[in-house]
file final14.txt (compact mmCIF, C-alpha atoms)
# COMPACT_ATOMS: atom_id res chain seq x y z
CA MET S 249 70.83 -60.31 -84.41
CA GLU S 250 68.87 -57.77 -82.35
CA GLU S 251 67.39 -56.27 -85.52
CA ASN S 252 66.02 -59.68 -86.48
CA LEU S 253 64.54 -60.14 -83.02
CA ILE S 254 62.89 -56.71 -83.16
CA GLU S 255 61.36 -57.52 -86.54
CA GLU S 256 60.07 -60.82 -85.16
CA GLY S 257 58.53 -59.11 -82.12
CA GLU S 258 56.83 -56.47 -84.25
CA SER S 259 55.49 -58.98 -86.76
CA SER S 260 54.04 -61.18 -84.02
CA ARG S 261 51.97 -58.20 -82.78
CA GLU S 262 50.94 -57.26 -86.30
CA GLY S 263 49.84 -60.83 -86.95
CA GLU S 264 47.45 -60.92 -84.00
CA VAL S 265 43.76 -61.19 -84.77
CA ALA S 266 40.82 -60.57 -82.47
CA PRO S 267 37.60 -62.59 -82.81
CA ALA S 268 34.32 -60.84 -83.53
CA LEU S 269 32.07 -60.63 -80.46
CA ILE S 270 28.30 -60.40 -80.02
CA ALA S 271 26.15 -59.23 -77.11
CA ILE S 272 22.35 -59.13 -76.80
CA HIS S 273 20.33 -56.78 -74.58
CA PRO S 274 18.83 -58.70 -71.60
CA ARG S 275 15.30 -57.92 -72.88
CA ASP S 276 16.10 -58.44 -76.58
CA LYS S 277 15.99 -54.69 -77.26
CA SER S 278 19.28 -54.42 -79.16
CA ALA S 279 22.17 -56.42 -80.60
CA VAL S 280 25.83 -55.39 -80.67
CA VAL S 281 28.70 -56.81 -82.72
CA ALA S 282 32.31 -55.80 -82.08
CA VAL S 283 34.87 -56.49 -84.81
CA GLY S 284 38.27 -54.83 -84.82
CA PRO S 285 37.81 -51.32 -83.33
CA GLU S 286 34.19 -51.07 -84.53
CA LEU S 287 31.01 -51.34 -82.47
CA ARG S 288 27.96 -52.06 -84.62
CA VAL S 289 24.62 -51.60 -82.85
CA PHE S 290 21.11 -52.39 -84.05
CA ASP S 291 17.91 -51.45 -82.19
CA ILE S 292 15.75 -54.58 -82.49
CA GLU S 293 12.81 -52.96 -80.70
CA ARG S 294 12.63 -50.01 -83.12
CA ASN S 295 14.02 -51.98 -86.08
CA CYS S 296 16.74 -49.48 -86.96
CA PRO S 297 20.55 -49.17 -86.93
CA ILE S 298 22.11 -47.04 -84.19
CA SER S 299 24.78 -44.38 -84.62
CA LEU S 300 27.02 -44.04 -81.58
CA SER S 301 28.04 -40.72 -80.06
CA ASP S 302 30.68 -39.87 -77.45
CA ASP S 303 30.17 -37.35 -74.66
CA SER S 304 33.04 -38.63 -72.52
CA GLY S 305 35.78 -36.44 -73.96
CA GLY S 306 37.93 -39.51 -74.60
CA PRO S 307 39.14 -41.02 -77.87
CA SER S 308 37.27 -43.64 -79.87
CA HIS S 309 38.45 -47.24 -79.99
CA SER S 310 41.50 -47.44 -82.24
CA ASP S 311 42.47 -51.10 -81.85
CA SER S 312 40.68 -54.43 -81.54
CA ILE S 313 37.86 -54.65 -79.02
CA ARG S 314 38.38 -57.75 -76.86
CA ALA S 315 35.43 -57.56 -74.45
CA ILE S 316 31.85 -56.26 -74.50
CA GLY S 317 28.80 -56.71 -72.30
CA PHE S 318 25.48 -55.37 -71.02
CA GLY S 319 24.60 -54.84 -67.40
CA ALA S 320 21.82 -56.94 -65.86
CA ASN S 321 19.06 -54.43 -66.62
CA GLY S 322 20.50 -53.43 -69.98
CA SER S 323 20.90 -49.72 -69.20
CA VAL S 324 24.72 -49.83 -69.24
CA PHE S 325 27.07 -51.33 -71.84
CA ALA S 326 30.86 -51.57 -71.72
CA SER S 327 33.52 -52.13 -74.39
CA ALA S 328 37.28 -52.52 -73.96
CA GLY S 329 40.31 -53.91 -75.74
CA ASP S 330 43.81 -53.61 -77.11
CA ASP S 331 43.83 -49.80 -77.17
CA LYS S 332 43.75 -49.80 -73.33
CA LEU S 333 40.41 -47.97 -73.31
CA VAL S 334 37.33 -48.94 -71.33
CA LYS S 335 34.29 -47.13 -72.70
CA ILE S 336 30.94 -47.08 -70.88
CA TRP S 337 27.74 -46.45 -72.81
CA ALA S 338 24.20 -45.43 -71.78
CA THR S 339 21.98 -47.66 -73.91
CA ASP S 340 18.91 -45.39 -73.88
CA SER S 341 20.78 -42.98 -76.18
CA TRP S 342 23.93 -44.98 -77.03
CA HIS S 343 26.12 -42.11 -75.85
CA CYS S 344 29.51 -42.94 -74.35
CA THR S 345 29.33 -41.41 -70.88
CA LYS S 346 32.79 -42.34 -69.60
CA THR S 347 36.17 -43.35 -71.02
CA VAL S 348 38.70 -44.86 -68.62
CA TYR S 349 42.35 -45.45 -69.48
CA ALA S 350 43.78 -48.85 -68.51
CA GLU S 351 47.48 -49.43 -67.92
CA LYS S 352 47.61 -52.59 -70.05
CA ARG S 353 45.55 -54.11 -72.84
CA VAL S 354 42.15 -55.25 -71.60
CA SER S 355 41.05 -58.89 -71.90
CA ALA S 356 37.67 -59.10 -70.09
CA VAL S 357 34.91 -56.86 -68.75
CA ALA S 358 31.76 -57.22 -66.61
CA ILE S 359 29.10 -54.95 -65.10
CA SER S 360 27.68 -55.40 -61.61
CA HIS S 361 23.99 -56.30 -61.36
CA ASN S 362 23.08 -52.99 -59.74
CA GLY S 363 24.80 -51.09 -62.57
CA GLN S 364 27.08 -49.21 -60.17
CA TYR S 365 30.40 -50.83 -61.13
CA VAL S 366 32.28 -51.90 -64.22
CA ILE S 367 35.17 -54.28 -63.68
CA PHE S 368 37.81 -55.18 -66.23
CA ALA S 369 40.92 -57.34 -66.43
CA ASP S 370 44.20 -56.52 -68.13
CA LYS S 371 46.71 -58.78 -69.84
CA PHE S 372 48.88 -58.96 -66.70
CA GLY S 373 46.10 -60.51 -64.63
CA LEU S 374 44.96 -57.49 -62.63
CA VAL S 375 41.24 -56.82 -62.14
CA TRP S 376 40.19 -53.18 -61.83
CA ALA S 377 36.88 -51.60 -60.82
CA ILE S 378 35.22 -48.37 -61.95
CA ALA S 379 32.48 -46.83 -59.81
CA LEU S 380 29.71 -45.23 -61.87
CA GLY S 381 28.02 -43.66 -58.83
CA GLU S 382 28.14 -43.74 -55.06
CA ASP S 383 28.63 -47.18 -53.49
CA ASP S 384 26.53 -48.75 -50.74
CA GLU S 385 28.36 -46.69 -48.13
CA GLY S 386 28.11 -43.39 -49.99
CA GLN S 387 31.64 -43.48 -51.40
CA ALA S 388 31.84 -41.52 -54.67
CA PRO S 389 34.07 -42.50 -57.63
CA ILE S 390 37.60 -41.12 -57.57
CA ASP S 391 38.59 -38.84 -60.47
CA ASN S 392 37.26 -41.16 -63.17
CA LYS S 393 40.04 -43.63 -62.35
CA ALA S 394 39.94 -47.40 -62.03
CA VAL S 395 40.92 -49.02 -58.74
CA PRO S 396 42.80 -52.38 -58.65
CA ILE S 397 40.87 -54.92 -56.58
CA LEU S 398 42.45 -58.35 -57.22
CA GLY S 399 45.06 -60.13 -59.29
CA HIS S 400 45.88 -63.44 -60.96
CA TYR S 401 49.61 -62.70 -60.83
CA CYS S 402 50.81 -62.31 -64.43
CA SER S 403 48.31 -64.72 -65.94
CA ILE S 404 46.00 -63.46 -68.70
CA ILE S 405 42.41 -63.36 -67.43
CA THR S 406 40.06 -64.74 -70.06
CA SER S 407 36.64 -64.20 -68.49
CA LEU S 408 34.93 -62.19 -65.74
CA LYS S 409 31.39 -62.76 -64.45
CA PHE S 410 29.32 -61.59 -61.50
CA SER S 411 27.42 -64.31 -59.62
CA PRO S 412 23.59 -64.27 -59.89
CA ASP S 413 23.23 -62.46 -56.55
CA GLY S 414 26.07 -60.04 -57.34
CA ARG S 415 28.07 -61.02 -54.25
CA PHE S 416 30.96 -62.72 -56.03
CA ILE S 417 33.24 -62.23 -59.03
CA ALA S 418 34.28 -65.31 -61.01
CA SER S 419 37.57 -64.83 -62.88
CA ALA S 420 39.25 -67.38 -65.15
CA ASP S 421 42.76 -67.43 -66.59
CA ARG S 422 45.07 -69.20 -69.01
CA ASP S 423 46.78 -71.08 -66.15
CA PHE S 424 43.76 -73.40 -65.73
CA LYS S 425 42.37 -71.53 -62.68
CA ILE S 426 38.97 -70.15 -61.76
CA ARG S 427 38.90 -67.86 -58.73
CA ILE S 428 35.73 -66.89 -56.84
CA THR S 429 36.16 -63.61 -54.93
CA ALA S 430 33.75 -61.70 -52.70
CA PHE S 431 33.03 -58.33 -54.28
CA PRO S 432 34.12 -55.61 -51.81
CA LYS S 433 31.68 -53.04 -50.43
CA ARG S 434 34.46 -50.44 -50.53
CA LEU S 435 36.61 -50.51 -53.64
CA LEU S 436 39.63 -48.80 -52.12
CA LYS S 437 40.09 -51.72 -49.73
CA GLY S 438 40.34 -54.20 -52.60
CA ALA S 439 38.83 -57.67 -52.96
CA HIS S 440 40.87 -59.79 -50.57
CA GLU S 441 38.26 -62.35 -49.51
CA ILE S 442 38.65 -65.43 -51.70
CA GLN S 443 35.60 -67.66 -51.48
CA SER S 444 37.04 -70.61 -53.43
CA PHE S 445 39.16 -71.83 -56.32
CA CYS S 446 37.54 -74.07 -58.95
CA LEU S 447 40.41 -76.32 -60.08
CA GLY S 448 40.18 -79.15 -62.58
CA HIS S 449 40.78 -77.85 -66.10
CA THR S 450 43.95 -79.21 -67.67
CA ASP S 451 44.37 -76.34 -70.14
CA PHE S 452 43.42 -72.67 -70.29
CA VAL S 453 39.91 -71.69 -69.20
CA SER S 454 38.33 -69.78 -72.07
CA CYS S 455 34.83 -68.86 -70.88
CA LEU S 456 32.44 -68.77 -67.91
CA ALA S 457 28.67 -68.67 -67.50
CA PHE S 458 26.35 -68.79 -64.50
CA ALA S 459 23.19 -70.90 -64.49
CA CYS S 460 20.44 -69.99 -62.04
CA PRO S 461 17.56 -72.51 -61.85
CA LEU S 462 14.51 -71.57 -59.79
CA ASP S 463 15.10 -74.37 -57.29
CA TYR S 464 18.70 -73.26 -56.69
CA PRO S 465 18.72 -69.43 -56.48
CA GLN S 466 22.41 -69.39 -55.52
CA GLY S 467 23.16 -70.75 -58.97
CA PHE S 468 25.91 -72.88 -60.47
CA LEU S 469 28.99 -72.03 -62.50
CA LEU S 470 29.80 -73.44 -65.95
CA SER S 471 33.24 -73.21 -67.55
CA GLY S 472 34.75 -74.15 -70.89
CA GLY S 473 38.41 -74.58 -71.75
CA GLY S 474 41.22 -75.55 -74.04
CA ASP S 475 40.93 -79.14 -72.76
CA SER S 476 37.70 -79.67 -74.78
CA THR S 477 35.54 -79.80 -71.66
CA VAL S 478 32.58 -78.01 -70.15
CA ARG S 479 32.52 -78.29 -66.37
CA LEU S 480 29.74 -77.74 -63.82
CA TRP S 481 30.75 -76.29 -60.44
CA ASP S 482 29.40 -75.57 -56.99
CA PHE S 483 31.32 -72.30 -57.00
CA ILE S 484 30.76 -71.53 -53.32
CA SER S 485 32.73 -74.61 -52.24
CA GLY S 486 34.82 -74.91 -55.42
CA HIS S 487 33.59 -78.48 -55.84
CA LEU S 488 33.55 -79.93 -59.37
CA LEU S 489 30.15 -81.53 -59.93
CA HIS S 490 30.45 -82.89 -63.46
CA THR S 491 32.65 -82.75 -66.56
CA TYR S 492 31.49 -83.19 -70.13
CA ASP S 493 34.53 -84.09 -72.23
CA PHE S 494 33.89 -83.59 -75.93
CA GLU S 495 36.99 -85.52 -76.94
CA THR S 496 36.07 -88.70 -75.04
CA GLN S 497 32.38 -88.29 -75.92
CA ALA S 498 33.11 -87.67 -79.61
CA GLY S 499 31.08 -90.74 -80.57
CA LEU S 500 27.93 -89.22 -79.11
CA VAL S 501 28.56 -85.97 -80.93
CA LYS S 502 29.24 -87.81 -84.20
CA SER S 503 26.00 -89.79 -83.85
CA ASN S 504 24.17 -86.47 -83.79
CA GLY S 505 25.36 -85.64 -87.29
CA THR S 506 28.81 -84.10 -87.08
CA GLU S 507 32.30 -84.78 -85.79
CA ILE S 508 34.83 -82.96 -83.65
CA LYS S 509 38.30 -83.23 -85.14
CA GLY S 510 41.01 -83.67 -82.53
CA CYS S 511 41.21 -81.80 -79.28
CA SER S 512 39.39 -78.50 -79.88
CA ALA S 513 39.00 -75.68 -77.38
CA VAL S 514 35.61 -74.52 -76.16
CA ILE S 515 35.22 -70.99 -77.54
CA ASP S 516 32.08 -69.80 -75.74
CA ILE S 517 29.15 -71.02 -73.65
CA ARG S 518 25.71 -69.60 -72.85
CA ALA S 519 23.04 -70.89 -70.45
CA SER S 520 19.26 -70.57 -70.89
CA CYS S 521 17.28 -68.49 -68.40
CA ASP S 522 16.62 -71.53 -66.17
CA GLY S 523 20.05 -73.08 -66.81
CA SER S 524 18.60 -76.31 -68.19
CA LEU S 525 20.07 -75.87 -71.69
CA ILE S 526 23.67 -74.92 -72.45
CA ALA S 527 24.91 -73.74 -75.85
CA VAL S 528 28.55 -74.54 -76.62
CA ALA S 529 30.74 -73.29 -79.48
CA ILE S 530 33.87 -75.35 -80.19
CA GLN S 531 36.82 -74.83 -82.50
CA SER S 532 36.65 -76.94 -85.68
CA LEU S 533 32.93 -77.65 -85.18
CA HIS S 534 30.64 -76.21 -87.84
CA GLY S 535 27.69 -75.70 -85.57
CA ILE S 536 26.54 -75.51 -81.96
CA ILE S 537 26.32 -78.25 -79.35
CA LEU S 538 23.39 -78.11 -76.94
CA LEU S 539 23.84 -79.74 -73.53
CA ASN S 540 21.13 -80.62 -71.04
CA CYS S 541 21.94 -79.63 -67.46
CA ASP S 542 20.17 -81.71 -64.80
CA PHE S 543 20.65 -79.86 -61.54
CA SER S 544 18.99 -82.54 -59.41
CA SER S 545 21.60 -85.11 -60.46
CA ARG S 546 24.32 -82.46 -61.11
CA THR S 547 25.07 -83.82 -64.60
CA LEU S 548 25.59 -82.59 -68.16
CA SER S 549 24.48 -84.61 -71.19
CA ILE S 550 24.27 -83.96 -74.91
CA ALA S 551 20.87 -82.83 -76.17
CA LYS S 552 21.45 -81.96 -79.80
CA VAL S 553 24.03 -80.85 -82.34
CA VAL S 554 22.81 -78.10 -84.64
CA THR S 555 24.97 -78.20 -87.75
CA MET S 556 25.70 -75.26 -90.02
CA GLU S 557 27.41 -74.65 -93.33
CA GLU S 558 30.88 -76.16 -93.70
CA SER S 559 32.74 -72.86 -93.35
CA TYR S 560 30.90 -71.47 -90.31
CA VAL S 561 32.50 -71.75 -86.86
CA PRO S 562 31.08 -69.21 -84.34
CA THR S 563 33.59 -66.97 -82.55
CA SER S 564 31.08 -65.68 -79.97
CA LEU S 565 27.57 -66.43 -78.69
CA GLY S 566 24.87 -64.05 -77.44
CA LEU S 567 21.71 -64.74 -75.47
CA SER S 568 19.19 -62.52 -73.69
CA ASP S 569 17.48 -63.31 -70.39
CA LEU S 570 14.39 -64.29 -72.39
CA SER S 571 16.36 -67.09 -74.13
CA LYS S 572 14.17 -66.93 -77.24
CA HIS S 573 17.01 -66.87 -79.76
CA LEU S 574 20.65 -67.87 -79.66
CA TRP S 575 22.78 -65.37 -81.54
CA MET S 576 26.12 -66.27 -83.12
CA VAL S 577 28.82 -64.30 -84.88
CA MET S 578 31.85 -65.45 -86.82
CA GLY S 579 34.54 -62.95 -87.66
CA VAL S 580 37.99 -61.48 -87.03
CA SER S 581 39.70 -58.11 -87.01
CA ASN S 582 41.93 -59.09 -89.93
CA ILE S 583 43.01 -62.18 -91.87
CA PRO S 584 46.81 -62.26 -92.26
CA THR S 585 46.79 -65.18 -94.72
CA LEU S 586 44.63 -63.23 -97.16
CA GLY S 587 46.56 -60.00 -96.71
CA THR S 588 43.38 -58.04 -95.98
CA ALA S 589 42.33 -55.79 -93.15
CA MET S 590 38.59 -56.10 -93.88
CA LEU S 591 36.40 -56.21 -90.76
CA LEU S 592 34.51 -59.40 -91.43
CA SER S 593 31.58 -60.65 -89.39
CA CYS S 594 28.83 -63.11 -90.22
CA VAL S 595 25.76 -63.34 -87.96
CA ARG S 596 23.49 -66.37 -87.50
CA VAL S 597 20.43 -66.74 -85.27
CA MET S 598 18.95 -69.95 -83.86
CA SER S 599 15.21 -69.88 -83.21
CA SER S 600 13.45 -71.71 -80.38
CA PHE S 601 16.68 -72.08 -78.44
CA TRP S 602 14.92 -72.71 -75.14
CA LYS S 603 11.50 -74.30 -74.61
CA ASP S 604 9.43 -73.80 -71.48
CA PRO S 605 9.23 -77.16 -69.63
CA SER S 606 5.44 -76.80 -69.49
CA ASP S 607 5.31 -76.72 -73.31
CA SER S 608 4.62 -80.26 -74.58
CA SER S 609 5.58 -79.54 -78.20
CA VAL S 610 8.73 -81.01 -79.76
CA HIS S 611 11.84 -78.91 -79.13
CA ASN S 612 13.36 -78.23 -82.53
CA PRO S 613 15.85 -75.33 -82.63
CA VAL S 614 16.80 -74.34 -86.17
CA ILE S 615 19.02 -71.76 -87.87
CA MET S 616 16.88 -68.94 -89.25
CA GLY S 617 17.12 -67.59 -92.78
CA ASP S 618 18.31 -64.03 -93.36
CA SER S 619 14.76 -62.71 -93.81
CA GLU S 620 13.54 -64.53 -90.68
CA VAL S 621 15.96 -63.11 -88.09
CA PRO S 622 14.72 -60.30 -85.84
CA GLY S 623 15.37 -57.09 -87.77
CA GLY S 624 15.79 -59.03 -91.02
CA GLU S 625 18.28 -57.99 -93.66
CA LYS S 626 18.44 -54.47 -92.25
CA LEU S 627 19.94 -55.88 -89.03
CA LEU S 628 22.35 -58.15 -90.89
CA GLU S 629 23.61 -55.34 -93.10
CA LYS S 630 24.37 -53.24 -90.00
CA LEU S 631 25.98 -55.96 -87.87
CA GLN S 632 27.88 -57.66 -90.69
CA GLY S 633 28.70 -54.60 -92.76
CA SER S 634 27.37 -56.43 -95.83
CA LEU S 635 24.68 -58.91 -96.84
CA ASP S 636 27.10 -60.92 -98.98
CA VAL S 637 29.50 -62.12 -96.26
CA ALA S 638 28.14 -65.70 -96.16
CA ALA S 639 28.97 -66.18 -99.86
CA GLU S 640 32.70 -65.66 -99.24
CA GLU S 641 33.56 -69.29 -98.45
CA ALA S 642 37.34 -68.88 -98.66
CA THR S 643 37.27 -65.86 -96.37
CA LEU S 644 35.14 -67.66 -93.77
CA ALA S 645 37.44 -70.69 -93.85
CA ALA S 646 40.46 -68.43 -93.36
CA THR S 647 38.62 -66.73 -90.49
CA ALA S 648 38.18 -70.02 -88.63
CA ALA S 649 41.88 -70.85 -89.06
CA ALA S 650 42.98 -67.36 -87.96
CA VAL S 651 40.87 -67.47 -84.78
CA LYS S 652 42.19 -70.90 -83.84
CA THR S 653 45.80 -69.79 -84.34
CA SER S 654 45.23 -66.54 -82.46
CA MET S 655 43.65 -68.26 -79.45
CA HIS S 656 46.55 -70.73 -79.30
CA ASN S 657 49.15 -67.96 -79.53
CA LEU S 658 47.45 -65.86 -76.87
CA LEU S 659 46.59 -68.53 -74.31
CA ILE S 660 49.30 -71.17 -74.69
CA LYS S 661 52.43 -70.03 -72.88
CA LYS S 662 55.43 -69.52 -75.13
CA GLN S 663 58.99 -70.54 -74.30
CA TYR S 664 61.57 -67.82 -74.96
CA SER S 665 65.34 -67.78 -74.96
CA VAL S 666 67.06 -65.43 -72.50
CA GLU S 667 67.90 -63.08 -75.36
CA LYS S 668 64.28 -62.89 -76.52
CA ARG S 669 63.01 -62.36 -72.98
CA GLU S 670 65.34 -59.37 -72.56
CA LEU S 671 64.20 -57.94 -75.89
CA ARG S 672 60.55 -58.28 -74.90
CA LYS S 673 61.20 -56.44 -71.64
CA ARG S 674 62.81 -53.54 -73.52
CA SER S 675 60.22 -53.27 -76.30
CA ARG S 676 56.91 -54.02 -74.55
CA ASN S 677 54.30 -51.27 -74.53
CA ASP S 678 53.35 -51.07 -70.85
CA LYS S 679 53.68 -47.37 -70.17
CA LYS S 680 50.71 -45.61 -68.62
CA LEU S 681 48.73 -43.34 -70.89
CA LYS S 682 48.57 -39.72 -69.81
CA GLN S 683 45.16 -38.87 -68.46

call {"tool": "encode", "arguments": {"input": "final14.txt", "output": "structure tokens"}}
result
Amino acid sequence: MEENLIEEGESSREGEVAPALIAIHPRDKSAVVAVGPELRVFDIERNCPISLSDDSGGPSHSDSIRAIGFGANGSVFASAGDDKLVKIWATDSWHCTKTVYAEKRVSAVAISHNGQYVIFADKFGLVWAIALGEDDEGQAPIDNKAVPILGHYCSIITSLKFSPDGRFIASADRDFKIRITAFPKRLLKGAHEIQSFCLGHTDFVSCLAFACPLDYPQGFLLSGGGDSTVRLWDFISGHLLHTYDFETQAGLVKSNGTEIKGCSAVIDIRASCDGSLIAVAIQSLHGIILLNCDFSSRTLSIAKVVTMEESYVPTSLGLSDLSKHLWMVMGVSNIPTLGTAMLLSCVRVMSSFWKDPSDSSVHNPVIMGDSEVPGGEKLLEKLQGSLDVAAEEATLAATAAAVKTSMHNLLIKKQYSVEKRELRKRSRNDKKLKQ
């Protein structure tokens, strides 16, 4: 009996897939795609692929990367994932300057606006901070080690974001919660000051984004979840301002040219530079939904549905501070149903994502052709690994199904028998790595 349980536990880990991720430099200087353990970087400014190098003395990523992101000024980039490594990169040379060992698999990462700290969350709900230099009080980093600063108490954290002014950390988890915490001035003291909880989602919270309109410099928080909603929050008070429910508003979405089938989770959200336009990726939707955000009335409304080919469902969205183009990637680390370990990713770019309010022309965002994207086919070959990915219809369809199953398995709590719980305790891989 135990042998069968061990085989089941091992196969469930082997069957996991990680979605491909995309991140864009705040000034549109470079684009990064993470798929499996690979980081693929293209220099848009110089129109050339980038080869990474590692000066940190640590190992390279050896398992799926689960989180990537640029700092506010684009000089620092971080990657982390299932191999329990957090790697920090200097983007002027794309050298890895620091490798930090986490105790558990990493699920989210963020960089402070001043570029002095990288924070990351592990699968047990702890948030850790890494100091890259001296803090505001002259405190230097401690032996290249991460310091625990807050916790969600055994709930997988799905997203981490710094507020627009850098004073707060927003953290979301699979237990429907969003926590707003004051970022500590001294890391060793931890982050004990909770500003608010944003409660209202009825399923896991999958993604967060801040919107910072000029008239409201404090900004607002947007969240998406497994309950098919995008919610707008006053994060300082924790007050829910508005909810856009894609399931109940399916008629509006359908009238725009497509249809959401059943209750589908929000995969990712991105806000334009002024917060007035929100891009939303949803499971089972072959395209992107654009929402208008009216901050004066505190409401969300549908603006447009941009449809794509039948097999394309984005797994991650990328947007720079300039908001010229919305970048999308679809891909996974492996596709169990096809019995292949190929690192598939397919990149799409939407032009004219955001239009300046002073511009009187018609706003018409469209999906660009391969030769029209910034960097052209040279960029696509680097980020995708091939120019022929879009032609593999069956593979793309299997990718969408694999990502949906993987998100459900990861974020929906499983019910185990006593015997299985004991087996999981004995066989889990939670030991600290030697440093």

call {"tool": "closest_residue", "arguments": {"input": "final14.txt", "among": "S:Leu591, S:Ile404, S:Val453, S:Ala326", "to": "Val280 in chain S", "atoms": "all atoms listed in the file"}}
result
S:Ala326

call {"tool": "closest_residue", "arguments": {"input": "final14.txt", "among": "S:Leu374, S:Ile426, S:Leu631, S:Leu480", "to": "Val283 in chain S", "atoms": "all atoms listed in the file"}}
result
S:Leu631

call {"tool": "residues_around", "arguments": {"input": "final14.txt", "residues": "range 300-304 of chain S", "least_positions_apart": "6", "cutoff": "8 Å", "atoms": "only C-alpha atoms", "output": "list of chain:residue names"}}
result
S:Trp342, S:His343, S:Cys344, S:Thr345, S:Lys346, S:Thr347

call {"tool": "write_last_selection", "arguments": {"input": "final14.txt", "atoms": "C-alpha atoms", "output": "mmCIF file, in the frame of the given file"}}
result
data_model
loop_
_atom_site.group_PDB
_atom_site.id
_atom_site.type_symbol
_atom_site.label_atom_id
_atom_site.label_comp_id
_atom_site.auth_asym_id
_atom_site.auth_seq_id
_atom_site.Cartn_x
_atom_site.Cartn_y
_atom_site.Cartn_z
ATOM 1 C CA TRP S 342 23.930 -44.980 -77.030
ATOM 2 C CA HIS S 343 26.120 -42.110 -75.850
ATOM 3 C CA CYS S 344 29.510 -42.940 -74.350
ATOM 4 C CA THR S 345 29.330 -41.410 -70.880
ATOM 5 C CA LYS S 346 32.790 -42.340 -69.600
ATOM 6 C CA THR S 347 36.170 -43.350 -71.020
#

call {"tool": "closest_residue", "arguments": {"input": "final14.txt", "among": "S:Ser512, S:Ser524, S:Thr450, S:Thr496", "to": "Gly467 in chain S", "atoms": "all atoms listed in the file"}}
result
S:Ser524

call {"tool": "residues_near_point", "arguments": {"input": "final14.txt", "point": "(33.1, -50.1, -65.4)", "cutoff": "8 Å", "atoms": "only C-alpha atoms", "output": "list in words"}}
result
Ala326, Val334, Lys335, Ile336, Val357, Ala358, Ile359, Tyr365, Val366, Ile367, Phe368, Ala377, Ile378, Ala379 and Leu380 of chain S

call {"tool": "closest_residue", "arguments": {"input": "final14.txt", "among": "S:Asp482, S:Glu667, S:Glu625, S:Asp451", "to": "Leu470 in chain S", "atoms": "only C-alpha atoms"}}
result
S:Asp482

call {"tool": "decode", "arguments": {"input": "final14.txt", "residues": "range 314-325 of chain S", "atoms": "C-alpha atoms", "output": "PDB file, in the first residue's frame"}}
result
ATOM      1  CA  ARG S 314       7.840  30.525 -11.104  1.00  0.00           C
ATOM      2  CA  ALA S 315       8.451  34.272 -10.686  1.00  0.00           C
ATOM      3  CA  ILE S 316      10.343  37.019 -12.532  1.00  0.00           C
ATOM      4  CA  GLY S 317      10.358  40.802 -12.415  1.00  0.00           C
ATOM      5  CA  PHE S 318      12.211  44.071 -13.003  1.00  0.00           C
ATOM      6  CA  GLY S 319      12.771  46.750 -10.409  1.00  0.00           C
ATOM      7  CA  ALA S 320      11.132  50.153 -10.897  1.00  0.00           C
ATOM      8  CA  ASN S 321      14.098  51.680 -12.734  1.00  0.00           C
ATOM      9  CA  GLY S 322      14.940  48.499 -14.618  1.00  0.00           C
ATOM     10  CA  SER S 323      18.502  48.136 -13.315  1.00  0.00           C
ATOM     11  CA  VAL S 324      17.746  44.993 -11.283  1.00  0.00           C
ATOM     12  CA  PHE S 325      15.943  41.810 -12.337  1.00  0.00           C
TER      13      PHE S 325
END
